[in-house]
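Student: So that you have it, the file is entry_4.txt, and it contains compact mmCIF, C-alpha atoms:
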# COMPACT_ATOMS: atom_id res chain seq x y z
CA MET R 89 -101.96 109.93 -90.43
CA ALA R 90 -100.29 111.25 -87.29
CA ALA R 91 -97.04 111.78 -89.17
CA GLU R 92 -98.77 113.71 -91.91
CA GLY R 93 -100.90 115.78 -89.53
CA GLN R 94 -104.48 116.88 -90.07
CA GLN R 95 -105.44 116.26 -93.69
CA HIS R 96 -109.09 116.40 -94.63
CA PRO R 97 -111.01 116.80 -97.85
CA LEU R 98 -111.38 120.43 -98.95
CA LYS R 99 -115.14 119.98 -99.13
CA ILE R 100 -115.39 120.01 -95.32
CA TYR R 101 -113.74 123.42 -95.18
CA TYR R 102 -115.94 124.90 -97.89
CA ILE R 103 -119.08 123.67 -96.11
CA MET R 104 -117.87 125.08 -92.78
CA TRP R 105 -116.91 128.35 -94.44
CA GLY R 106 -120.36 128.69 -95.99
CA ALA R 107 -122.03 127.76 -92.70
CA LEU R 108 -120.06 130.47 -90.88
CA PHE R 109 -121.26 133.06 -93.40
CA VAL R 110 -124.88 131.97 -93.00
CA LEU R 111 -124.63 131.90 -89.19
CA SER R 112 -122.97 135.33 -89.11
CA GLY R 113 -125.71 136.69 -91.34
CA MET R 114 -128.28 135.27 -88.96
CA SER R 115 -126.42 136.76 -85.97
CA TYR R 116 -126.53 140.16 -87.63
CA TRP R 117 -130.20 139.62 -88.44
CA THR R 118 -131.00 139.30 -84.70
CA ASP R 119 -129.99 142.95 -84.36
CA PHE R 120 -133.23 143.85 -86.13
CA TRP R 121 -135.43 141.77 -83.83
CA ASP R 122 -137.29 143.04 -80.78
CA ASP R 123 -135.48 142.54 -77.50
CA GLY R 124 -136.57 139.57 -75.46
CA PRO R 125 -135.71 136.01 -74.52
CA ILE R 126 -136.06 134.78 -78.11
CA ARG R 127 -133.48 137.28 -79.39
CA THR R 128 -131.11 136.58 -76.49
CA GLY R 129 -131.44 132.85 -77.06
CA ALA R 130 -130.81 133.25 -80.78
CA ILE R 131 -127.69 135.37 -80.15
CA LEU R 132 -126.30 132.68 -77.85
CA LEU R 133 -127.32 129.82 -80.16
CA PHE R 134 -125.62 131.34 -83.23
CA MET R 135 -122.58 132.26 -81.10
CA PHE R 136 -122.10 128.70 -79.85
CA LEU R 137 -122.74 127.15 -83.28
CA LYS R 138 -120.09 129.41 -84.84
CA ALA R 139 -117.62 128.85 -82.00
CA GLY R 140 -118.15 125.07 -82.18
CA GLY R 141 -117.62 125.03 -85.94
CA ILE R 142 -114.40 127.02 -85.68
CA VAL R 143 -112.97 124.89 -82.87
CA PHE R 144 -114.03 121.45 -84.10
CA ILE R 145 -113.58 121.85 -87.88
CA PHE R 146 -111.19 124.74 -88.58
CA MET R 147 -108.98 124.10 -85.54
CA HIS R 148 -109.32 120.32 -86.07
CA MET R 149 -110.25 119.69 -82.43
CA GLY R 150 -112.89 117.20 -83.56
CA TRP R 151 -110.16 114.91 -84.94
CA GLU R 152 -107.77 115.18 -81.99
CA ARG R 153 -107.47 112.49 -79.33
CA ARG R 154 -109.57 112.74 -76.22
CA ALA R 155 -106.59 113.54 -73.93
CA LEU R 156 -106.05 116.82 -75.77
CA LYS R 157 -109.77 117.59 -76.01
CA ILE R 158 -110.22 117.25 -72.25
CA ALA R 159 -107.04 119.19 -71.42
CA ILE R 160 -108.05 122.18 -73.56
CA LEU R 161 -111.85 122.20 -73.50
CA GLY R 162 -112.25 121.07 -69.88
CA PRO R 163 -110.82 124.02 -67.91
CA PRO R 164 -113.03 126.70 -69.55
CA VAL R 165 -116.07 124.94 -68.07
CA ALA R 166 -114.98 126.44 -64.73
CA LEU R 167 -115.83 129.84 -66.23
CA MET R 168 -119.51 129.02 -65.81
CA VAL R 169 -118.99 129.36 -62.04
CA LEU R 170 -117.27 132.74 -62.50
CA ILE R 171 -120.09 133.97 -64.74
CA TRP R 172 -122.71 132.84 -62.23
CA LEU R 173 -120.92 134.40 -59.24
CA MET R 174 -120.21 137.71 -60.96
CA SER R 175 -123.74 138.11 -62.32
CA TYR R 176 -125.16 137.31 -58.88
CA GLU R 177 -122.90 139.93 -57.34
CA GLY R 178 -123.61 142.40 -60.14
CA PHE R 179 -127.35 142.34 -59.47
CA TYR R 180 -126.68 142.75 -55.76
CA ILE R 181 -124.49 145.82 -56.39
CA GLU R 182 -127.12 147.31 -58.66
CA ASP R 183 -129.75 146.86 -55.93
CA THR R 184 -127.60 148.46 -53.24
CA ARG R 185 -126.73 151.37 -55.55
CA THR R 186 -130.38 152.02 -56.29
CA GLU R 187 -131.20 151.76 -52.58
CA TYR R 188 -128.49 154.14 -51.36
CA TYR R 189 -127.98 156.50 -54.33
CA GLY R 190 -131.47 156.35 -55.85
CA GLU R 191 -132.41 155.86 -59.48
CA SER R 192 -130.09 157.15 -62.18
CA THR R 193 -130.65 160.74 -63.28
CA PHE R 194 -128.49 160.36 -66.39
CA GLU R 195 -129.90 162.11 -69.46
CA PRO R 196 -128.55 160.28 -72.52
CA GLU R 197 -127.75 162.34 -75.59
CA PRO R 198 -128.77 160.99 -78.99
CA VAL R 199 -126.08 159.41 -81.19
CA HIS R 200 -124.96 161.56 -84.10
CA HIS R 201 -123.89 159.89 -87.33
CA MET G 68 -83.32 98.52 -51.69
CA SER G 69 -79.82 97.16 -51.96
CA GLU G 70 -79.83 97.58 -55.70
CA ALA G 71 -81.36 101.09 -55.56
CA VAL G 72 -80.48 103.21 -58.56
CA MET G 73 -78.98 106.54 -57.56
CA GLU G 74 -81.20 109.27 -58.95
CA PRO G 75 -79.79 112.79 -59.41
CA THR G 76 -80.71 115.43 -56.85
CA GLY G 77 -80.79 119.22 -56.88
CA GLY G 78 -81.07 121.02 -60.21
CA ALA G 79 -80.20 117.93 -62.21
CA GLY G 80 -82.91 116.10 -60.27
CA VAL G 81 -85.52 118.66 -61.29
CA VAL G 82 -84.63 118.17 -64.94
CA HIS G 83 -84.57 114.40 -64.51
CA ASP G 84 -87.96 114.29 -62.81
CA TRP G 85 -89.70 116.55 -65.30
CA SER G 86 -88.28 114.82 -68.36
CA LYS G 87 -88.86 111.19 -67.47
CA ASP G 88 -92.58 111.19 -68.19
CA LYS G 89 -93.74 109.81 -71.46
CA GLN G 90 -95.36 112.13 -73.98
CA VAL G 91 -99.04 112.65 -73.23
CA PHE G 92 -100.36 114.36 -76.34
CA GLY G 93 -99.82 112.64 -79.67
CA VAL G 94 -99.29 115.94 -81.46
CA PRO G 95 -96.13 117.95 -82.25
CA TRP G 96 -94.95 119.86 -79.19
CA GLY G 97 -95.47 123.19 -80.96
CA LYS G 98 -99.12 122.40 -81.46
CA ALA G 99 -99.63 121.30 -77.86
CA MET G 100 -97.93 124.50 -76.66
CA MET G 101 -100.06 126.67 -78.94
CA TRP G 102 -103.21 125.02 -77.58
CA ILE G 103 -102.07 125.62 -74.00
CA PHE G 104 -101.26 129.26 -74.82
CA LEU G 105 -104.69 129.64 -76.38
CA LEU G 106 -106.25 128.12 -73.27
CA SER G 107 -104.55 130.77 -71.12
CA ASP G 108 -105.67 133.45 -73.60
CA THR G 109 -109.22 132.12 -73.30
CA PHE G 110 -109.10 132.91 -69.60
CA ILE G 111 -107.76 136.42 -70.21
CA PHE G 112 -110.54 137.26 -72.68
CA SER G 113 -113.07 135.59 -70.39
CA CYS G 114 -111.97 137.83 -67.54
CA PHE G 115 -112.52 140.90 -69.73
CA LEU G 116 -115.93 139.69 -70.88
CA VAL G 117 -117.04 138.68 -67.38
CA GLY G 118 -115.80 142.07 -66.10
CA TYR G 119 -117.84 143.75 -68.82
CA MET G 120 -120.87 141.67 -67.80
CA SER G 121 -120.61 142.63 -64.15
CA VAL G 122 -120.19 146.38 -64.77
CA ARG G 123 -123.05 146.33 -67.23
CA ILE G 124 -125.31 144.55 -64.74
CA SER G 125 -124.31 146.69 -61.76
CA THR G 126 -124.52 150.18 -63.32
CA THR G 127 -127.73 152.09 -62.73
CA ASP G 128 -127.15 154.41 -65.71
CA PRO G 129 -128.69 153.38 -69.04
CA TRP G 130 -126.40 151.31 -71.28
CA PRO G 131 -125.81 152.90 -74.71
CA ASN G 132 -127.52 150.94 -77.49
CA PRO G 133 -124.66 149.42 -79.55
CA SER G 134 -127.01 149.03 -82.49
CA GLU G 135 -127.29 152.84 -82.71
CA VAL G 136 -123.79 153.73 -81.51
CA PHE G 137 -122.19 151.58 -84.21
CA ALA G 138 -124.63 152.48 -86.97
CA LEU G 139 -123.10 154.00 -90.07
CA SER G 140 -124.67 156.20 -92.69
CA PHE G 141 -123.68 155.94 -96.35
CA GLY G 142 -125.47 159.14 -97.33
CA GLY G 143 -128.95 157.93 -96.37
CA GLU G 144 -130.48 156.46 -93.24
CA PRO G 145 -127.91 155.03 -90.82
CA ILE G 146 -127.66 151.24 -91.09
CA PRO G 147 -127.42 149.61 -87.65
CA LEU G 148 -124.14 147.89 -86.76
CA ILE G 149 -123.12 147.70 -90.42
CA LEU G 150 -119.38 148.29 -89.96
CA ILE G 151 -119.21 145.58 -87.29
CA ALA G 152 -121.07 143.18 -89.58
CA ILE G 153 -118.59 143.87 -92.39
CA MET G 154 -115.67 143.33 -89.98
CA THR G 155 -117.23 140.03 -88.91
CA PHE G 156 -117.52 138.84 -92.50
CA ILE G 157 -113.92 139.88 -93.22
CA LEU G 158 -112.65 137.87 -90.27
CA ILE G 159 -114.68 134.83 -91.33
CA THR G 160 -113.35 135.10 -94.87
CA SER G 161 -109.81 135.21 -93.46
CA SER G 162 -110.54 132.11 -91.36
CA GLY G 163 -111.53 130.27 -94.52
CA THR G 164 -108.37 131.27 -96.41
CA MET G 165 -106.33 130.23 -93.36
CA ALA G 166 -108.00 126.80 -93.21
CA LEU G 167 -107.19 126.31 -96.90
CA ALA G 168 -103.58 127.43 -96.31
CA VAL G 169 -103.20 124.72 -93.64
CA ASN G 170 -104.55 122.13 -96.05
CA MET G 171 -102.26 123.27 -98.87
CA GLY G 172 -99.34 123.23 -96.44
CA TYR G 173 -99.87 119.53 -95.73
CA ARG G 174 -100.06 118.95 -99.49
CA LYS G 175 -96.67 120.69 -99.68
CA ASP G 176 -98.04 123.16 -102.20
CA ARG G 177 -95.77 126.01 -101.10
CA LYS G 178 -97.00 128.57 -103.60
CA LYS G 179 -100.68 128.21 -102.71
CA THR G 180 -99.89 128.09 -98.98
CA PHE G 181 -97.89 131.30 -99.27
CA TRP G 182 -100.54 133.22 -101.16
CA LEU G 183 -103.40 131.99 -98.96
CA MET G 184 -101.47 133.10 -95.87
CA VAL G 185 -100.77 136.48 -97.45
CA ALA G 186 -104.48 136.82 -98.27
CA THR G 187 -105.31 136.00 -94.65
CA ALA G 188 -102.84 138.64 -93.43
CA VAL G 189 -104.27 141.27 -95.81
CA LEU G 190 -107.80 140.56 -94.61
CA GLY G 191 -106.58 140.77 -91.01
CA ALA G 192 -104.86 144.10 -91.69
CA SER G 193 -108.04 145.49 -93.25
CA PHE G 194 -109.92 144.39 -90.13
CA VAL G 195 -107.50 146.39 -87.96
CA GLY G 196 -107.86 149.35 -90.34
CA MET G 197 -111.64 149.31 -89.95
CA GLN G 198 -111.24 149.06 -86.22
CA ALA G 199 -109.02 152.16 -86.26
CA PHE G 200 -111.78 153.94 -88.21
CA GLU G 201 -114.38 152.74 -85.69
CA TRP G 202 -112.31 153.96 -82.73
CA THR G 203 -111.66 157.34 -84.37
CA LYS G 204 -115.35 157.85 -85.05
CA LEU G 205 -116.27 156.88 -81.51
CA ILE G 206 -113.63 159.08 -79.86
CA VAL G 207 -113.82 162.14 -82.12
CA ASP G 208 -117.46 162.24 -83.26
CA GLU G 209 -119.30 160.57 -80.39
CA GLY G 210 -117.07 161.71 -77.52
CA VAL G 211 -116.68 158.24 -76.01
CA ARG G 212 -113.90 158.04 -73.42
CA PRO G 213 -112.85 155.18 -71.14
CA TRP G 214 -114.27 157.17 -68.22
CA SER G 215 -117.40 158.74 -69.73
CA ASN G 216 -119.62 159.07 -72.76
CA PRO G 217 -122.65 161.20 -73.59
CA MET G 218 -124.91 158.25 -74.47
CA GLY G 219 -125.03 156.38 -71.17
CA ALA G 220 -123.07 154.43 -68.58
CA ALA G 221 -119.38 155.36 -68.30
CA GLN G 222 -118.48 151.66 -68.16
CA PHE G 223 -119.44 151.35 -71.83
CA GLY G 224 -116.25 153.13 -72.92
CA SER G 225 -113.92 151.29 -70.57
CA SER G 226 -115.26 147.86 -71.55
CA PHE G 227 -115.27 148.75 -75.23
CA PHE G 228 -111.71 150.05 -75.46
CA MET G 229 -110.31 147.30 -73.27
CA ILE G 230 -112.00 144.38 -75.04
CA THR G 231 -111.76 145.49 -78.66
CA GLY G 232 -108.30 146.98 -78.06
CA PHE G 233 -106.95 143.72 -76.71
CA HIS G 234 -108.57 141.82 -79.56
CA GLY G 235 -107.21 144.25 -82.14
CA MET G 236 -103.75 143.77 -80.65
CA HIS G 237 -104.14 140.03 -81.15
CA VAL G 238 -105.16 140.55 -84.78
CA SER G 239 -102.16 142.85 -85.38
CA ALA G 240 -99.78 140.32 -83.81
CA GLY G 241 -101.42 137.60 -85.92
CA VAL G 242 -100.83 139.57 -89.13
CA ILE G 243 -97.11 139.86 -88.32
CA TYR G 244 -96.93 136.18 -87.31
CA LEU G 245 -98.66 135.15 -90.57
CA LEU G 246 -96.31 137.22 -92.72
CA VAL G 247 -93.21 135.83 -91.01
CA ILE G 248 -94.32 132.22 -91.47
CA ALA G 249 -95.61 132.86 -95.01
CA ASN G 250 -92.21 134.27 -95.96
CA ARG G 251 -90.49 131.19 -94.55
CA VAL G 252 -92.83 128.93 -96.51
CA ARG G 253 -91.95 130.88 -99.65
CA ASN G 254 -88.15 130.95 -99.22
CA GLY G 255 -87.85 127.22 -98.54
CA PHE G 256 -86.93 127.50 -94.85
CA TYR G 257 -89.03 124.42 -94.02
CA GLU G 258 -87.76 122.46 -97.03
CA LYS G 259 -84.31 122.47 -95.43
CA ARG G 260 -85.91 121.04 -92.28
CA GLY G 261 -87.50 117.98 -93.81
CA GLY G 262 -90.42 119.68 -95.53
CA ASN G 263 -92.66 119.69 -92.46
CA TYR G 264 -95.47 122.25 -92.67
CA GLU G 265 -97.06 121.62 -89.26
CA ILE G 266 -96.14 125.22 -88.43
CA VAL G 267 -98.83 126.41 -90.84
CA GLU G 268 -101.43 124.57 -88.80
CA ILE G 269 -100.04 126.03 -85.57
CA THR G 270 -100.22 129.54 -87.05
CA GLY G 271 -103.73 128.66 -88.18
CA LEU G 272 -104.72 127.72 -84.63
CA TYR G 273 -103.76 131.19 -83.44
CA TRP G 274 -105.61 132.86 -86.30
CA HIS G 275 -108.80 130.83 -85.83
CA PHE G 276 -108.66 131.65 -82.13
CA VAL G 277 -108.66 135.38 -82.94
CA ASP G 278 -111.77 134.79 -85.05
CA LEU G 279 -113.26 132.69 -82.25
CA VAL G 280 -112.83 135.50 -79.73
CA TRP G 281 -114.50 137.90 -82.16
CA VAL G 282 -117.53 135.58 -82.32
CA PHE G 283 -117.98 136.07 -78.57
CA ILE G 284 -117.28 139.83 -78.65
CA PHE G 285 -119.73 140.30 -81.52
CA ALA G 286 -122.49 138.40 -79.72
CA LEU G 287 -121.92 139.63 -76.16
CA PHE G 288 -120.80 143.23 -76.67
CA TYR G 289 -122.31 144.38 -79.96
CA LEU G 290 -125.53 142.37 -80.20
CA TRP G 291 -126.55 141.84 -76.56
In structure tokens, write the structure found in this file.
Tutor:
Amino acid sequence: MAAEGQQHPLKIYYIMWGALFVLSGMSYWTDFWDDGPIRTGAILLFMFLKAGGIVFIFMHMGWERRALKIAILGPPVALMVLIWLMSYEGFYIEDTRTEYYGESTFEPEPVHH
Amino acid sequence: MSEAVMEPTGGAGVVHDWSKDKQVFGVPWGKAMMWIFLLSDTFIFSCFLVGYMSVRISTTDPWPNPSEVFALSFGGEPIPLILIAIMTFILITSSGTMALAVNMGYRKDRKKTFWLMVATAVLGASFVGMQAFEWTKLIVDEGVRPWSNPMGAAQFGSSFFMITGFHGMHVSAGVIYLLVIANRVRNGFYEKRGGNYEIVEITGLYWHFVDLVWVFIFALFYLW
């Protein structure tokens, strides 16, 4: 199989394709929900399901050997630290801005279509 | 150490040392290199998205509601985020045609591979076209600039143009890449080289990655 590369039944691709359409539809649907932890969780859930499907099925990562999986999928895990640090700092900056400059006085204009 | 083999030093030594390892990844080198490129690209896009996250958290001005900003009216009531939803579906459709092109490439069905790649490129080009429309509307009608906008925090414009601009550039490059490879599939370039169509899968990796990045942009910038 290695010589012939990644060959899989077409059915797998059609199922994944359909699943991506359904998941994208559901992602778009969350735009009509009320803001809150449920909506945020749903956005992230659909995002990771779609990303996983693309990487593991369409990009064939699910069928690759573990050495490649670890080399490619391992390093991005470090991004979790960056996200944590930057959000922590972001909230701190927001607090100091509010403390020294006061609340925002920005008057938003409505969107025209 | 009496029988020590003399190993080359200097520049020849560098080449010798780097090339004596055995192959690690059991995939064609082009595929391994594409994956490593995509890994580095992951970090670039992550830096943009994390930067967007930190400016959005730290600003005290209200953040414009993307649902309203990107709403589009077709004569009646504006439909929230509709253009972005259409762009998302176009990119997913193109991912499907690309996956099929890879499969047809391994089956050595040159005609189907060619046309599926062309279809992918056309869908990608229409995505870029819609993005151009979106940018025009935002700049001309809504007055969004990288340094300010009337609807809220100035950082909205800078994050938006940077992230979607860089993504759009990737899509445009992908369209050109697809057309070049599709043309080579059609004119028999790979037939002369042993009929190996691994390159279609490598092109596919790049294209799926562009779709993958859009999944994150759609969720984190447009929906959040």
Student: In the coordinate frame of the file, compute which residues have an atom within 12 Å of (-128.9, 149.7, -58.0) when using only C-alpha atoms, and state them as JSON, numbers by chain.
Tutor: {"R": [177, 178, 179, 180, 181, 182, 183, 184, 185, 186, 187, 188, 189, 190, 191, 192], "G": [122, 123, 124, 125, 126, 127, 128, 129]}
Student: Compare G:Gly172, G:Gly210, G:Gly80, G:Gly219 by their minimum atom-to-atom distance to chain R, counting all atoms listed in the file, and give me the closest one.
Tutor: G:Gly219
Student: Which residues are close to stretch 220-233 of chain G, i.e. within 8 Å by only C-alpha atoms, leaving aside same-chain residues fewer than 5 positions away? Reply as a list in words.
Tutor: Phe112, Phe115, Leu116, Gly118, Tyr119, Val122, Arg123, Thr126, Thr127, Asp128, Pro129, Trp130, Pro131, Val211, Arg212, Pro213, Trp214, Ser215, Ile284 and Phe288 of chain G
Student: When you draw a straight line from atom CA of G:Gly241 to atom CA of G:Trp274, how long is it in Å?
Tutor: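 So the answer is 6.3 Å.
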Student: Could you list, as a VMD selection string, every residue of chain G that has an atom within 8 Å of an atom of chain R, counting all atoms listed in the file?
Tutor: chain G and resid 91 to 94 102 to 103 106 109 to 110 113 117 120 to 122 124 to 129 134 to 136 138 to 140 145 147 152 155 to 156 159 to 160 162 to 163 166 to 167 170 173 208 to 209 217 to 219 265 271 to 272 275 279 282 to 283 286 290 to 291
Student: Mind giving me the straight-line distance from atom CA of G:Met197 to atom CA of G:Leu150 in Å, one decimal?
Tutor: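 Computed distance, atom CA of G:Met197 to atom CA of G:Leu150, equals 7.8 Å.
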Student: Tell me, in Å to one decimal, how far atom CA of G:Ala186 is from atom CA of G:Thr270.
Tutor: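 Atom CA of G:Ala186 sits 14.0 Å away from atom CA of G:Thr270.
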Student: Please return, as a PyMOL selection string, all polymer residues that have at least one atom within 12 Å of the point (-89.5, 126.0, -95.5); use only C-alpha atoms and the file's own coordinate frame.
Tutor: chain G and resi 172+175-178+180-181+247-267
Student: Could you save the residues just selected, with C-alpha atoms, as a JSON list (two decimals), in the coordinates of the input?
Tutor:
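Here's the written file result_2.json:
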[["chain", "number", "residue", "atom", "x", "y", "z"],
["G", 172, "GLY", "CA", -99.34, 123.23, -96.44],
["G", 175, "LYS", "CA", -96.67, 120.69, -99.68],
["G", 176, "ASP", "CA", -98.04, 123.16, -102.20],
["G", 177, "ARG", "CA", -95.77, 126.01, -101.10],
["G", 178, "LYS", "CA", -97.00, 128.57, -103.60],
["G", 180, "THR", "CA", -99.89, 128.09, -98.98],
["G", 181, "PHE", "CA", -97.89, 131.30, -99.27],
["G", 247, "VAL", "CA", -93.21, 135.83, -91.01],
["G", 248, "ILE", "CA", -94.32, 132.22, -91.47],
["G", 249, "ALA", "CA", -95.61, 132.86, -95.01],
["G", 250, "ASN", "CA", -92.21, 134.27, -95.96],
["G", 251, "ARG", "CA", -90.49, 131.19, -94.55],
["G", 252, "VAL", "CA", -92.83, 128.93, -96.51],
["G", 253, "ARG", "CA", -91.95, 130.88, -99.65],
["G", 254, "ASN", "CA", -88.15, 130.95, -99.22],
["G", 255, "GLY", "CA", -87.85, 127.22, -98.54],
["G", 256, "PHE", "CA", -86.93, 127.50, -94.85],
["G", 257, "TYR", "CA", -89.03, 124.42, -94.02],
["G", 258, "GLU", "CA", -87.76, 122.46, -97.03],
["G", 259, "LYS", "CA", -84.31, 122.47, -95.43],
["G", 260, "ARG", "CA", -85.91, 121.04, -92.28],
["G", 261, "GLY", "CA", -87.50, 117.98, -93.81],
["G", 262, "GLY", "CA", -90.42, 119.68, -95.53],
["G", 263, "ASN", "CA", -92.66, 119.69, -92.46],
["G", 264, "TYR", "CA", -95.47, 122.25, -92.67],
["G", 265, "GLU", "CA", -97.06, 121.62, -89.26],
["G", 266, "ILE", "CA", -96.14, 125.22, -88.43],
["G", 267, "VAL", "CA", -98.83, 126.41, -90.84]]
